[in-house]
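Enquirer: What follows is coords-v7.tsv, made up of TSV, C-alpha atoms:
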```tsv
chain	number	residue	atom	x	y	z
X	630	MET	CA	132.39	112.39	-93.10
X	631	THR	CA	131.70	110.94	-96.59
X	632	ARG	CA	133.69	107.83	-95.81
X	633	GLY	CA	131.68	107.31	-92.63
X	634	CYS	CA	128.35	107.47	-94.53
X	635	GLY	CA	129.66	105.02	-97.14
X	636	TYR	CA	130.73	102.62	-94.42
X	637	PHE	CA	127.27	102.79	-92.80
X	638	THR	CA	125.58	102.05	-96.16
X	639	MET	CA	127.82	99.07	-96.86
X	640	SER	CA	127.25	97.76	-93.34
X	641	LEU	CA	123.45	97.99	-93.75
X	642	LYS	CA	123.59	96.13	-97.07
X	643	ASP	CA	125.78	93.42	-95.53
X	644	ASN	CA	123.31	93.00	-92.62
X	645	ILE	CA	120.35	92.68	-94.99
X	646	GLN	CA	122.19	90.17	-97.14
X	647	ALA	CA	123.19	88.18	-94.06
X	648	PHE	CA	119.58	88.14	-92.82
X	649	LYS	CA	118.34	86.89	-96.20
X	650	SER	CA	120.94	84.14	-96.18
X	651	ARG	CA	120.02	83.01	-92.66
X	652	ALA	CA	116.27	83.07	-93.51
X	653	ALA	CA	116.80	81.02	-96.68
X	654	GLU	CA	118.95	78.56	-94.77
X	655	PHE	CA	116.32	78.27	-91.99
X	656	PHE	CA	113.35	77.63	-94.31
X	657	SER	CA	115.44	75.09	-96.27
X	658	SER	CA	115.85	73.04	-93.12
X	659	SER	CA	113.33	70.46	-91.87
X	660	ARG	CA	112.28	72.65	-88.96
X	661	GLY	CA	111.88	75.70	-91.20
X	662	ARG	CA	109.60	73.80	-93.62
X	663	ASP	CA	107.41	72.79	-90.66
X	664	VAL	CA	107.12	76.43	-89.55
X	665	LEU	CA	106.27	77.58	-93.07
X	666	LEU	CA	103.61	74.87	-93.42
X	667	TYR	CA	102.12	75.95	-90.08
X	668	LEU	CA	101.92	79.60	-91.21
X	669	ILE	CA	100.19	78.56	-94.44
X	670	PHE	CA	97.53	76.67	-92.47
X	671	VAL	CA	97.05	79.68	-90.17
X	672	VAL	CA	96.42	81.95	-93.17
X	673	ILE	CA	93.99	79.47	-94.74
X	674	SER	CA	92.15	79.11	-91.43
X	675	PHE	CA	91.86	82.89	-91.10
X	676	VAL	CA	90.42	83.16	-94.60
X	677	PHE	CA	87.78	80.50	-93.92
X	678	TRP	CA	86.96	82.05	-90.54
X	679	SER	CA	86.52	85.50	-92.18
X	680	ILE	CA	84.18	83.99	-94.79
X	681	LEU	CA	82.03	82.36	-92.12
X	682	VAL	CA	81.90	85.49	-89.95
X	683	LEU	CA	81.16	87.90	-92.79
X	684	ASN	CA	78.36	85.64	-94.00
X	685	ASN	CA	76.55	85.99	-90.66
X	686	GLN	CA	74.05	88.72	-89.80
X	687	MET	CA	75.62	91.70	-88.00
X	688	GLN	CA	74.18	94.82	-86.38
X	689	GLN	CA	75.88	98.18	-86.80
X	690	ASN	CA	75.11	101.85	-86.07
X	691	TYR	CA	75.64	104.51	-88.74
X	692	ASN	CA	75.40	108.29	-88.89
X	693	VAL	CA	73.89	108.82	-92.33
X	694	ARG	CA	74.47	112.38	-93.53
X	695	ILE	CA	71.43	114.20	-94.93
X	696	ASP	CA	71.84	116.16	-98.16
X	697	ILE	CA	68.78	118.00	-99.50
X	698	VAL	CA	69.47	118.42	-103.22
X	699	ASN	CA	67.97	120.43	-106.07
X	700	VAL	CA	66.78	123.27	-103.85
X	701	PRO	CA	65.43	125.97	-106.22
X	702	GLU	CA	67.32	129.25	-106.41
X	703	GLY	CA	65.76	131.83	-104.11
X	704	THR	CA	64.43	129.19	-101.70
X	705	THR	CA	65.75	129.25	-98.12
X	706	LEU	CA	65.15	126.63	-95.44
X	707	ILE	CA	64.03	128.41	-92.26
X	708	ASP	CA	64.27	125.40	-89.93
X	709	GLU	CA	67.67	123.82	-89.44
X	710	CYS	CA	67.94	120.41	-91.05
X	711	PRO	CA	69.55	117.65	-88.91
X	712	GLU	CA	73.08	116.87	-90.05
X	713	ALA	CA	72.49	113.11	-89.97
X	714	VAL	CA	70.04	110.29	-89.37
X	715	HIS	CA	71.24	107.87	-86.66
X	716	VAL	CA	70.49	104.41	-88.11
X	717	THR	CA	70.78	100.94	-86.56
X	718	LEU	CA	71.18	98.44	-89.41
X	719	LYS	CA	71.27	94.62	-89.53
X	720	ASN	CA	72.88	92.96	-92.54
X	721	THR	CA	75.59	90.50	-93.53
X	722	GLY	CA	79.19	91.38	-92.85
X	723	TYR	CA	79.89	91.41	-96.60
X	724	ALA	CA	77.32	94.16	-97.17
X	725	MET	CA	78.62	96.25	-94.28
X	726	MET	CA	82.27	96.10	-95.34
X	727	ARG	CA	81.71	98.80	-97.96
X	728	TYR	CA	81.00	101.34	-95.20
X	729	LEU	CA	84.10	100.54	-93.14
X	730	TRP	CA	86.24	102.91	-95.21
X	731	GLY	CA	85.61	106.26	-96.80
X	732	GLU	CA	83.23	109.01	-95.73
X	733	GLY	CA	80.25	106.76	-95.00
X	734	PRO	CA	76.73	106.76	-96.48
X	735	THR	CA	74.89	109.94	-97.49
X	736	LEU	CA	71.11	110.19	-97.86
X	737	LYS	CA	70.26	112.48	-100.79
X	738	ILE	CA	66.70	113.82	-100.64
X	739	SER	CA	65.19	115.71	-103.57
X	740	PHE	CA	63.60	118.99	-102.50
X	741	ALA	CA	60.99	119.03	-105.28
X	742	GLU	CA	59.76	115.52	-104.42
X	743	TYR	CA	58.99	116.29	-100.77
X	744	SER	CA	57.96	119.96	-100.91
X	745	ASP	CA	54.22	120.49	-100.38
X	746	GLY	CA	54.26	123.80	-102.28
X	747	LYS	CA	53.03	125.59	-99.15
X	748	SER	CA	56.34	126.48	-97.52
X	749	ARG	CA	56.82	123.06	-95.92
X	750	PHE	CA	59.30	120.28	-96.74
X	751	VAL	CA	57.96	117.00	-95.32
X	752	VAL	CA	59.47	113.50	-95.23
X	753	THR	CA	57.17	111.12	-93.35
X	754	ALA	CA	58.35	108.12	-91.31
X	755	GLN	CA	57.26	105.70	-94.09
X	756	GLN	CA	59.10	107.75	-96.72
X	757	MET	CA	62.20	107.87	-94.53
X	758	THR	CA	62.11	104.06	-94.21
X	759	GLU	CA	61.88	103.72	-97.98
X	760	LEU	CA	64.76	106.14	-98.52
X	761	LEU	CA	66.99	104.25	-96.09
X	762	SER	CA	66.05	100.90	-97.65
X	763	ASP	CA	66.97	102.25	-101.10
X	764	LEU	CA	70.27	103.51	-99.69
X	765	PHE	CA	71.36	100.31	-97.93
X	766	GLY	CA	69.62	97.82	-100.21
X	767	MET	CA	66.48	95.75	-99.85
X	768	GLU	CA	68.38	92.90	-98.15
X	769	ALA	CA	69.29	95.23	-95.26
X	770	ASN	CA	67.08	95.34	-92.18
X	771	VAL	CA	66.67	98.88	-90.78
X	772	VAL	CA	66.12	98.19	-87.07
X	773	ASN	CA	65.48	101.79	-86.01
X	774	TYR	CA	66.49	105.35	-86.86
X	775	SER	CA	66.26	108.89	-85.52
X	776	PRO	CA	64.79	111.33	-86.40
X	777	GLU	CA	61.91	109.32	-87.81
X	778	SER	CA	60.67	112.13	-90.06
X	779	LEU	CA	61.55	115.62	-91.33
X	780	VAL	CA	59.28	118.66	-91.23
X	781	LEU	CA	61.08	121.84	-92.32
X	782	ARG	CA	59.68	125.26	-93.14
X	783	TYR	CA	61.03	127.22	-96.07
X	784	THR	CA	60.43	130.54	-97.78
X	785	ASN	CA	60.73	131.90	-101.29
X	786	ARG	CA	60.80	135.52	-100.08
X	787	PRO	CA	64.01	137.52	-100.31
X	788	GLY	CA	65.79	138.18	-97.03
X	789	LYS	CA	66.13	141.48	-95.19
X	790	LYS	CA	69.45	142.86	-93.97
X	791	ILE	CA	69.41	143.83	-90.28
X	792	PRO	CA	72.11	145.04	-87.86
X	793	VAL	CA	73.64	142.84	-85.15
X	794	VAL	CA	73.80	144.12	-81.56
X	795	ALA	CA	76.35	142.66	-79.14
X	796	ASP	CA	74.81	141.64	-75.81
X	797	ALA	CA	78.10	141.66	-73.90
X	798	ASP	CA	79.26	142.50	-70.39
X	799	LEU	CA	82.95	143.37	-70.71
X	800	SER	CA	85.56	144.70	-68.32
X	801	ALA	CA	89.35	144.87	-68.21
X	802	ASN	CA	91.80	144.14	-65.44
X	803	PHE	CA	92.62	147.16	-63.25
X	804	GLN	CA	95.95	147.65	-65.09
X	805	TYR	CA	94.29	147.44	-68.51
X	806	VAL	CA	91.58	149.28	-70.44
X	807	LEU	CA	89.03	148.61	-73.18
X	808	ASN	CA	90.35	151.06	-75.74
X	809	GLY	CA	88.41	151.39	-78.94
X	810	LYS	CA	85.16	150.15	-80.40
X	811	VAL	CA	84.00	146.56	-80.00
X	812	VAL	CA	83.97	145.20	-83.57
X	813	LEU	CA	81.47	142.66	-84.89
X	814	GLY	CA	82.13	140.79	-88.08
X	815	PRO	CA	79.89	140.92	-89.89
X	816	ASP	CA	77.93	143.74	-88.24
X	817	SER	CA	74.75	142.79	-90.11
X	818	VAL	CA	73.04	139.57	-91.24
X	819	VAL	CA	70.22	138.58	-93.57
X	820	VAL	CA	66.98	137.36	-91.99
X	821	TYR	CA	64.50	135.04	-93.76
X	822	SER	CA	60.93	134.41	-92.66
X	823	ASP	CA	57.31	135.07	-93.61
X	824	MET	CA	56.19	138.59	-94.55
X	825	LEU	CA	54.75	139.57	-91.13
X	826	THR	CA	57.79	138.34	-89.22
X	827	LEU	CA	60.19	140.11	-91.58
X	828	GLU	CA	58.40	143.39	-90.94
X	829	SER	CA	58.72	143.00	-87.15
X	830	VAL	CA	62.39	141.94	-86.98
X	831	ASN	CA	64.64	145.00	-87.33
X	832	SER	CA	67.73	143.87	-85.41
X	833	VAL	CA	69.17	140.80	-83.74
X	834	SER	CA	71.35	140.46	-80.66
X	835	THR	CA	74.04	137.96	-79.90
X	836	GLU	CA	73.66	135.48	-77.10
X	837	ARG	CA	74.65	136.91	-73.70
X	838	PHE	CA	78.44	137.05	-73.38
X	839	VAL	CA	80.39	137.93	-70.22
X	840	ALA	CA	84.16	138.50	-70.09
X	841	LYS	CA	85.81	139.99	-67.02
X	842	GLU	CA	89.37	140.92	-66.01
X	843	LEU	CA	90.59	140.99	-69.62
X	844	LYS	CA	94.33	141.46	-70.12
X	845	ASP	CA	94.58	141.09	-73.88
X	846	THR	CA	92.52	141.75	-77.00
X	847	LEU	CA	89.74	139.15	-77.15
X	848	ARG	CA	88.57	137.51	-80.37
X	849	THR	CA	85.81	134.92	-80.31
X	850	SER	CA	82.62	133.82	-82.06
X	851	LEU	CA	79.11	134.48	-80.76
X	852	ALA	CA	75.88	132.78	-81.83
X	853	LEU	CA	72.86	134.92	-82.61
X	854	THR	CA	69.75	134.75	-80.45
X	855	ARG	CA	67.32	132.22	-81.91
X	856	LEU	CA	63.84	133.36	-82.92
X	857	GLU	CA	60.98	130.98	-83.73
X	858	GLY	CA	60.24	130.82	-87.43
X	859	VAL	CA	63.31	132.87	-88.39
X	860	ARG	CA	66.58	132.00	-90.14
X	861	PHE	CA	69.67	134.21	-89.92
X	862	ILE	CA	72.49	133.92	-92.44
X	863	PRO	CA	75.09	133.75	-91.05
X	864	ASP	CA	73.87	132.51	-87.65
X	865	SER	CA	76.98	133.61	-85.76
X	866	VAL	CA	79.40	136.56	-85.79
X	867	SER	CA	82.91	137.20	-84.59
X	868	ILE	CA	83.59	139.79	-81.89
X	869	THR	CA	86.84	141.66	-81.29
X	870	VAL	CA	87.29	143.44	-77.96
X	871	PRO	CA	90.39	145.72	-78.01
X	872	VAL	CA	92.27	145.61	-74.71
X	873	GLU	CA	95.49	147.51	-73.92
X	874	PRO	CA	97.72	147.90	-70.88
X	875	LEU	CA	97.71	151.24	-69.09
X	876	VAL	CA	101.00	153.13	-68.69
X	877	GLN	CA	101.79	156.14	-66.54
X	878	LYS	CA	102.36	159.53	-68.16
X	879	LEU	CA	103.82	162.63	-66.42
X	880	SER	CA	103.37	166.10	-67.86
X	881	LEU	CA	103.43	169.79	-66.99
X	882	VAL	CA	100.00	171.43	-66.73
X	883	GLN	CA	99.19	175.11	-67.05
X	884	VAL	CA	97.44	176.69	-64.03
X	885	VAL	CA	94.54	178.82	-65.30
X	886	PRO	CA	92.72	181.33	-63.03
X	887	ILE	CA	88.93	181.50	-63.45
X	888	ASN	CA	86.16	183.87	-62.28
X	889	VAL	CA	88.66	186.77	-62.00
X	890	PRO	CA	86.81	190.14	-61.78
X	891	GLU	CA	87.40	192.72	-64.49
X	892	GLY	CA	90.34	195.00	-63.65
X	893	MET	CA	92.05	192.34	-61.49
X	894	ARG	CA	94.76	189.80	-62.27
X	895	LEU	CA	95.45	186.57	-60.38
X	896	ILE	CA	99.02	185.26	-60.57
X	897	THR	CA	99.93	181.81	-59.23
X	898	PHE	CA	103.23	180.43	-58.04
X	899	PRO	CA	104.07	178.17	-59.76
X	900	SER	CA	102.21	178.73	-63.01
X	901	LEU	CA	102.92	175.15	-64.13
X	902	VAL	CA	102.39	172.01	-62.05
X	903	LYS	CA	103.14	168.34	-62.66
X	904	ALA	CA	100.27	165.95	-63.42
X	905	SER	CA	100.22	162.16	-63.48
X	906	CYS	CA	97.75	159.97	-65.37
X	907	PHE	CA	97.37	156.51	-66.89
X	908	ILE	CA	96.72	156.14	-70.62
X	909	PRO	CA	96.48	153.27	-73.12
X	910	ILE	CA	99.94	152.36	-74.40
X	911	SER	CA	98.95	153.09	-78.02
X	912	CYS	CA	98.21	156.73	-77.06
X	913	TYR	CA	101.50	157.35	-75.24
X	914	ASP	CA	103.23	159.26	-78.05
X	915	SER	CA	100.13	161.23	-79.07
X	916	VAL	CA	98.86	162.22	-75.63
X	917	ASN	CA	100.42	165.70	-75.87
X	918	LYS	CA	97.78	166.75	-78.40
X	919	TYR	CA	95.14	166.42	-75.67
X	920	LYS	CA	95.00	169.62	-73.60
X	921	LEU	CA	94.89	169.18	-69.82
X	922	THR	CA	94.53	172.21	-67.55
X	923	ALA	CA	94.36	172.87	-63.82
X	924	THR	CA	92.30	175.78	-62.50
X	925	VAL	CA	92.24	178.05	-59.46
X	926	ASP	CA	89.03	179.91	-58.65
X	927	TYR	CA	89.18	183.58	-57.63
X	928	SER	CA	86.00	182.99	-55.62
X	929	ASP	CA	88.00	180.71	-53.27
X	930	ILE	CA	90.09	183.63	-51.97
X	931	HIS	CA	89.45	184.42	-48.31
X	932	ALA	CA	91.05	186.95	-45.95
X	933	GLY	CA	94.41	185.82	-44.67
X	934	GLN	CA	94.59	182.95	-47.15
X	935	ARG	CA	97.90	182.49	-48.97
X	936	THR	CA	97.10	179.46	-51.19
X	937	LEU	CA	94.32	178.41	-53.52
X	938	PRO	CA	93.18	174.81	-54.18
X	939	LEU	CA	93.87	173.28	-57.60
X	940	ARG	CA	91.26	171.47	-59.66
X	941	ILE	CA	91.57	169.41	-62.84
X	942	ASP	CA	89.59	170.82	-65.74
X	943	ARG	CA	88.61	169.02	-68.97
X	944	ALA	CA	90.49	165.73	-68.56
X	945	PRO	CA	90.24	163.80	-71.88
X	946	ASP	CA	88.53	160.41	-71.82
X	947	ILE	CA	91.76	158.55	-72.63
X	948	MET	CA	93.33	159.78	-69.36
X	949	ARG	CA	92.59	157.72	-66.26
X	950	ASN	CA	93.24	158.53	-62.60
X	951	VAL	CA	94.54	162.05	-63.27
X	952	THR	CA	96.28	163.48	-60.20
X	953	LEU	CA	98.37	166.58	-59.52
X	954	THR	CA	101.65	166.47	-57.59
X	955	THR	CA	100.38	169.38	-55.49
X	956	ASP	CA	96.85	170.24	-54.40
X	957	SER	CA	97.33	174.03	-54.02
X	958	VAL	CA	99.46	176.94	-55.20
X	959	GLU	CA	100.43	180.31	-53.77
X	960	PHE	CA	99.05	183.43	-55.40
X	961	ILE	CA	99.02	187.23	-55.55
X	962	VAL	CA	96.29	189.56	-56.81
X	963	GLU	CA	97.14	192.63	-58.83
X	964	ARG	CA	94.90	195.55	-59.73
X	965	LEU	CA	95.23	196.54	-63.40
```
Taking this structure as input, can you express it in the form of structure tokens?
Expert:
Amino acid sequence: MTRGCGYFTMSLKDNIQAFKSRAAEFFSSSRGRDVLLYLIFVVISFVFWSILVLNNQMQQNYNVRIDIVNVPEGTTLIDECPEAVHVTLKNTGYAMMRYLWGEGPTLKISFAEYSDGKSRFVVTAQQMTELLSDLFGMEANVVNYSPESLVLRYTNRPGKKIPVVADADLSANFQYVLNGKVVLGPDSVVVYSDMLTLESVNSVSTERFVAKELKDTLRTSLALTRLEGVRFIPDSVSITVPVEPLVQKLSLVQVVPINVPEGMRLITFPSLVKASCFIPISCYDSVNKYKLTATVDYSDIHAGQRTLPLRIDRAPDIMRNVTLTTDSVEFIVERL
């Protein structure tokens, strides 16, 4: 195996050396010198063409990220700030080359400079034009941009923690079951607004969510319902819906007589009957701790009757579709 690898390495080196020799021989020939001279002229032509093109005016669209800086501690923006300003710019190709690579331009706006001190952060259309001109340079021509201005509300009040309520319509497939509590993470958020609004907002619900015929545990993210003049942090929560398959469980159930008069005894044959039910698979090994009983009612005895109907009593919530293998039992009545 080692010899084979060594042979392959030597063969590759020989091929490279042979290629170099043939290339040197070709470019030493009259035809090769002509080809080389042609390639040199092509490169020179491309350079001059690039200079001419880049010196011309060009129009380009940019998504300029907005970054509001120097926000005082304890100040929270209530309105959502746009992520970017969509700008159409006209400038020389040289000037635009600097934005071809990297993360692109970012517009940094000082909070203190544009706050009116009355819970509003305002950047007018004229101020936005000036900011963009400073960003791209005075030689750049800003053709248009959107949004043209910024008007954002803010508050210096501390937030209030409120619970989140899931507005969800959930159901499992007929062979599965929702077993356990629907979990929200986090189950509470902090709300920011003016004093009157904070007093009136005591909970927030998620946006309406519908999931039917589930066959596996569901995990997803839900946005919170938007309220005018209110900011929630965070503005979305995760939801976990536990779903398990149902499995069949067979067990022996005690037959218990009820409403038996004092001084009488009701004996059934058999005293134990088989029951069938469906339970979540995680409860299969622990289902025996849940007591399931079947009853016969002394009041159901009528003259000439030899059997009594069976009824299920106190079926735990984890048991679904509980059925008995027999619907009646024989009996005798004894006087004590």
Enquirer: Kindly give the distance, in Å, that separates CA of Leu736 (chain X) and CA of Leu781 (chain X), rounded to a single decimal.
Expert: 16.3 Å
Enquirer: Calculated over all atoms listed in the file, which of the candidates X:His931, X:Lys642, X:Lys841, X:Arg949 has the smallest distance to Phe907 (chain X)?
Expert: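 Checking each of X:His931, X:Lys642, X:Lys841, X:Arg949 against Phe907 (chain X), counting all atoms listed in the file, the winner is X:Arg949.
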Enquirer: Using all atoms listed in the file, which of the listed residues (X:Gly892, X:Ser822, X:Ser744, X:Gln688) sits closest to Pro701 (chain X)?
Expert: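 Of X:Gly892, X:Ser822, X:Ser744, X:Gln688, the one nearest Pro701 (chain X), counting all atoms listed in the file, is X:Ser744.
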Enquirer: List as a tab-separated table (two decimals) with C-alpha atoms, keeping the file's coordinate frame the protein and nucleic acid residues near region 808-816 of chain X, meaning an atom at most 8 Å away when only C-alpha atoms are counted, but skip any in the same chain fewer than 3 places from it.
Expert:
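selection_32.tsv was written with the following content:
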```
chain	number	residue	atom	x	y	z
X	792	PRO	CA	72.11	145.04	-87.86
X	793	VAL	CA	73.64	142.84	-85.15
X	794	VAL	CA	73.80	144.12	-81.56
X	795	ALA	CA	76.35	142.66	-79.14
X	866	VAL	CA	79.40	136.56	-85.79
X	867	SER	CA	82.91	137.20	-84.59
X	868	ILE	CA	83.59	139.79	-81.89
X	869	THR	CA	86.84	141.66	-81.29
X	870	VAL	CA	87.29	143.44	-77.96
X	871	PRO	CA	90.39	145.72	-78.01
X	872	VAL	CA	92.27	145.61	-74.71
X	873	GLU	CA	95.49	147.51	-73.92
X	909	PRO	CA	96.48	153.27	-73.12
```
Enquirer: Using all atoms listed in the file, can you tell me which of X:Gln883, X:Thr704, X:Thr717, X:Asn699 comes closest to Ser739 (chain X)?
Expert: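 Under the stated criterion, the closest residue is X:Asn699.
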Enquirer: Have a look at X:Lys844, X:Leu825, X:Ser775, X:Tyr783 and name the one nearest to Asp745 (chain X); count all atoms listed in the file.
Expert: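 Nearest to Asp745 (chain X): X:Tyr783.
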Enquirer: Which is closer to Gly733 (chain X) than all the others in X:Tyr691, X:Phe765, X:Phe750, X:Phe861, using only C-alpha atoms?
Expert: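 Nearest to Gly733 (chain X): X:Tyr691.
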Enquirer: Contacts of Glu702 (chain X) at 12 Å or less, counting only C-alpha atoms, minus same-chain residues fewer than 4 places along, as a VMD selection string?
Expert: chain X and resid 698 706 740 784 to 787
Enquirer: For a quick check of understanding, using only C-alpha atoms, which of X:Tyr927, X:Tyr821, X:Phe670, X:Tyr774 has the smallest distance to Ala713 (chain X)?
Expert: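 The answer is X:Tyr774, which sits nearest to Ala713 (chain X).
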Enquirer: So which residues touch Val751 (chain X) within 7 Å, counting all atoms listed in the file, skipping near sequence neighbours fewer than 2 positions away, as a list of chain:residue names?
Expert: X:Tyr743, X:Ser744, X:Arg749, X:Thr753, X:Leu779, X:Val780, X:Leu781
Enquirer: Counting only C-alpha atoms, find the residues whose atoms lie at most 10 Å from (67.9, 124.0, -91.1) (file coordinates) and write them out as a list in words.
Expert: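 Every residue inside that radius is included here: Thr705, Leu706, Ile707, Asp708, Glu709, Cys710, Pro711, Glu712, Leu781, Arg782, Tyr783 and Arg860 of chain X.
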Enquirer: What does the distance from CA of Thr955 (chain X) to CA of Ser928 (chain X) come to in Å, to one decimal?
Expert: 19.8 Å
Enquirer: Calculate how many Å separate CA of Thr954 (chain X) from CA of Thr922 (chain X), rounding to one decimal.
Expert: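 Distance between the two atoms: 13.5 Å.
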Enquirer: Please return as a ChimeraX atom specification every residue within 6 Å of (102.9, 168.8, -63.7), taking into account all atoms listed in the file and the file's own coordinates.
Expert: /X:880-882,902-904
Enquirer: Just the residues within 10 Å of Asp845 (chain X), please, counting all atoms listed in the file, with nothing from its chain fewer than 2 positions along; format it as a list in words.
Expert: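 Near neighbours after the sequence-gap exclusion: Ala801, Asn802, Tyr805, Val806, Leu807, Glu842, Leu843, Leu847, Arg848, Val870, Pro871, Val872, Glu873 and Pro874 of chain X.
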Enquirer: Which residues come within 8 Å of Lys737 (chain X), counting all atoms listed in the file, excluding same-chain residues fewer than 4 positions away, as a PyMOL selection string?
Expert: chain X and resi 695-698
Enquirer: Pull N, CA, C and O atoms for region 698-710 of chain X from the block and write them as a short mmCIF file (atom, residue, chain, number, x, y, z; two decimals), in the first residue's frame.
Expert:
```cif
data_model
loop_
_atom_site.label_atom_id
_atom_site.label_comp_id
_atom_site.auth_asym_id
_atom_site.auth_seq_id
_atom_site.Cartn_x
_atom_site.Cartn_y
_atom_site.Cartn_z
N VAL X 698 -28.22 54.58 18.97
CA VAL X 698 -27.14 54.43 19.95
C VAL X 698 -27.34 55.39 21.12
O VAL X 698 -28.10 56.35 21.04
N ASN X 699 -26.62 55.07 22.20
CA ASN X 699 -26.61 55.91 23.41
C ASN X 699 -28.00 56.06 24.03
O ASN X 699 -28.37 57.15 24.50
N VAL X 700 -28.77 54.98 24.01
CA VAL X 700 -30.08 55.00 24.67
C VAL X 700 -29.84 54.93 26.18
O VAL X 700 -29.16 54.03 26.67
N PRO X 701 -30.37 55.89 26.95
CA PRO X 701 -30.12 55.91 28.40
C PRO X 701 -30.63 54.64 29.08
O PRO X 701 -31.63 54.03 28.65
N GLU X 702 -29.95 54.24 30.12
CA GLU X 702 -30.38 53.08 30.90
C GLU X 702 -31.75 53.35 31.52
O GLU X 702 -32.01 54.43 32.05
N GLY X 703 -32.64 52.39 31.44
CA GLY X 703 -33.99 52.56 31.96
C GLY X 703 -34.97 53.10 30.94
O GLY X 703 -36.15 53.26 31.25
N THR X 704 -34.50 53.39 29.73
CA THR X 704 -35.37 53.87 28.66
C THR X 704 -35.68 52.72 27.71
O THR X 704 -34.78 52.00 27.27
N THR X 705 -36.96 52.54 27.39
CA THR X 705 -37.40 51.46 26.51
C THR X 705 -38.22 52.01 25.36
O THR X 705 -39.17 52.78 25.59
N LEU X 706 -37.85 51.66 24.14
CA LEU X 706 -38.63 52.05 22.97
C LEU X 706 -39.89 51.21 22.93
O LEU X 706 -39.84 49.99 22.95
N ILE X 707 -41.05 51.87 22.87
CA ILE X 707 -42.33 51.16 22.81
C ILE X 707 -42.64 50.73 21.38
O ILE X 707 -43.04 49.60 21.13
N ASP X 708 -42.46 51.65 20.44
CA ASP X 708 -42.70 51.32 19.03
C ASP X 708 -41.49 50.59 18.46
O ASP X 708 -40.33 50.88 18.83
N GLU X 709 -41.74 49.68 17.56
CA GLU X 709 -40.66 48.90 16.95
C GLU X 709 -39.97 49.74 15.88
O GLU X 709 -40.60 50.27 14.97
N CYS X 710 -38.66 49.84 15.99
CA CYS X 710 -37.89 50.60 15.02
C CYS X 710 -37.67 49.75 13.77
O CYS X 710 -37.35 48.56 13.87
#
```
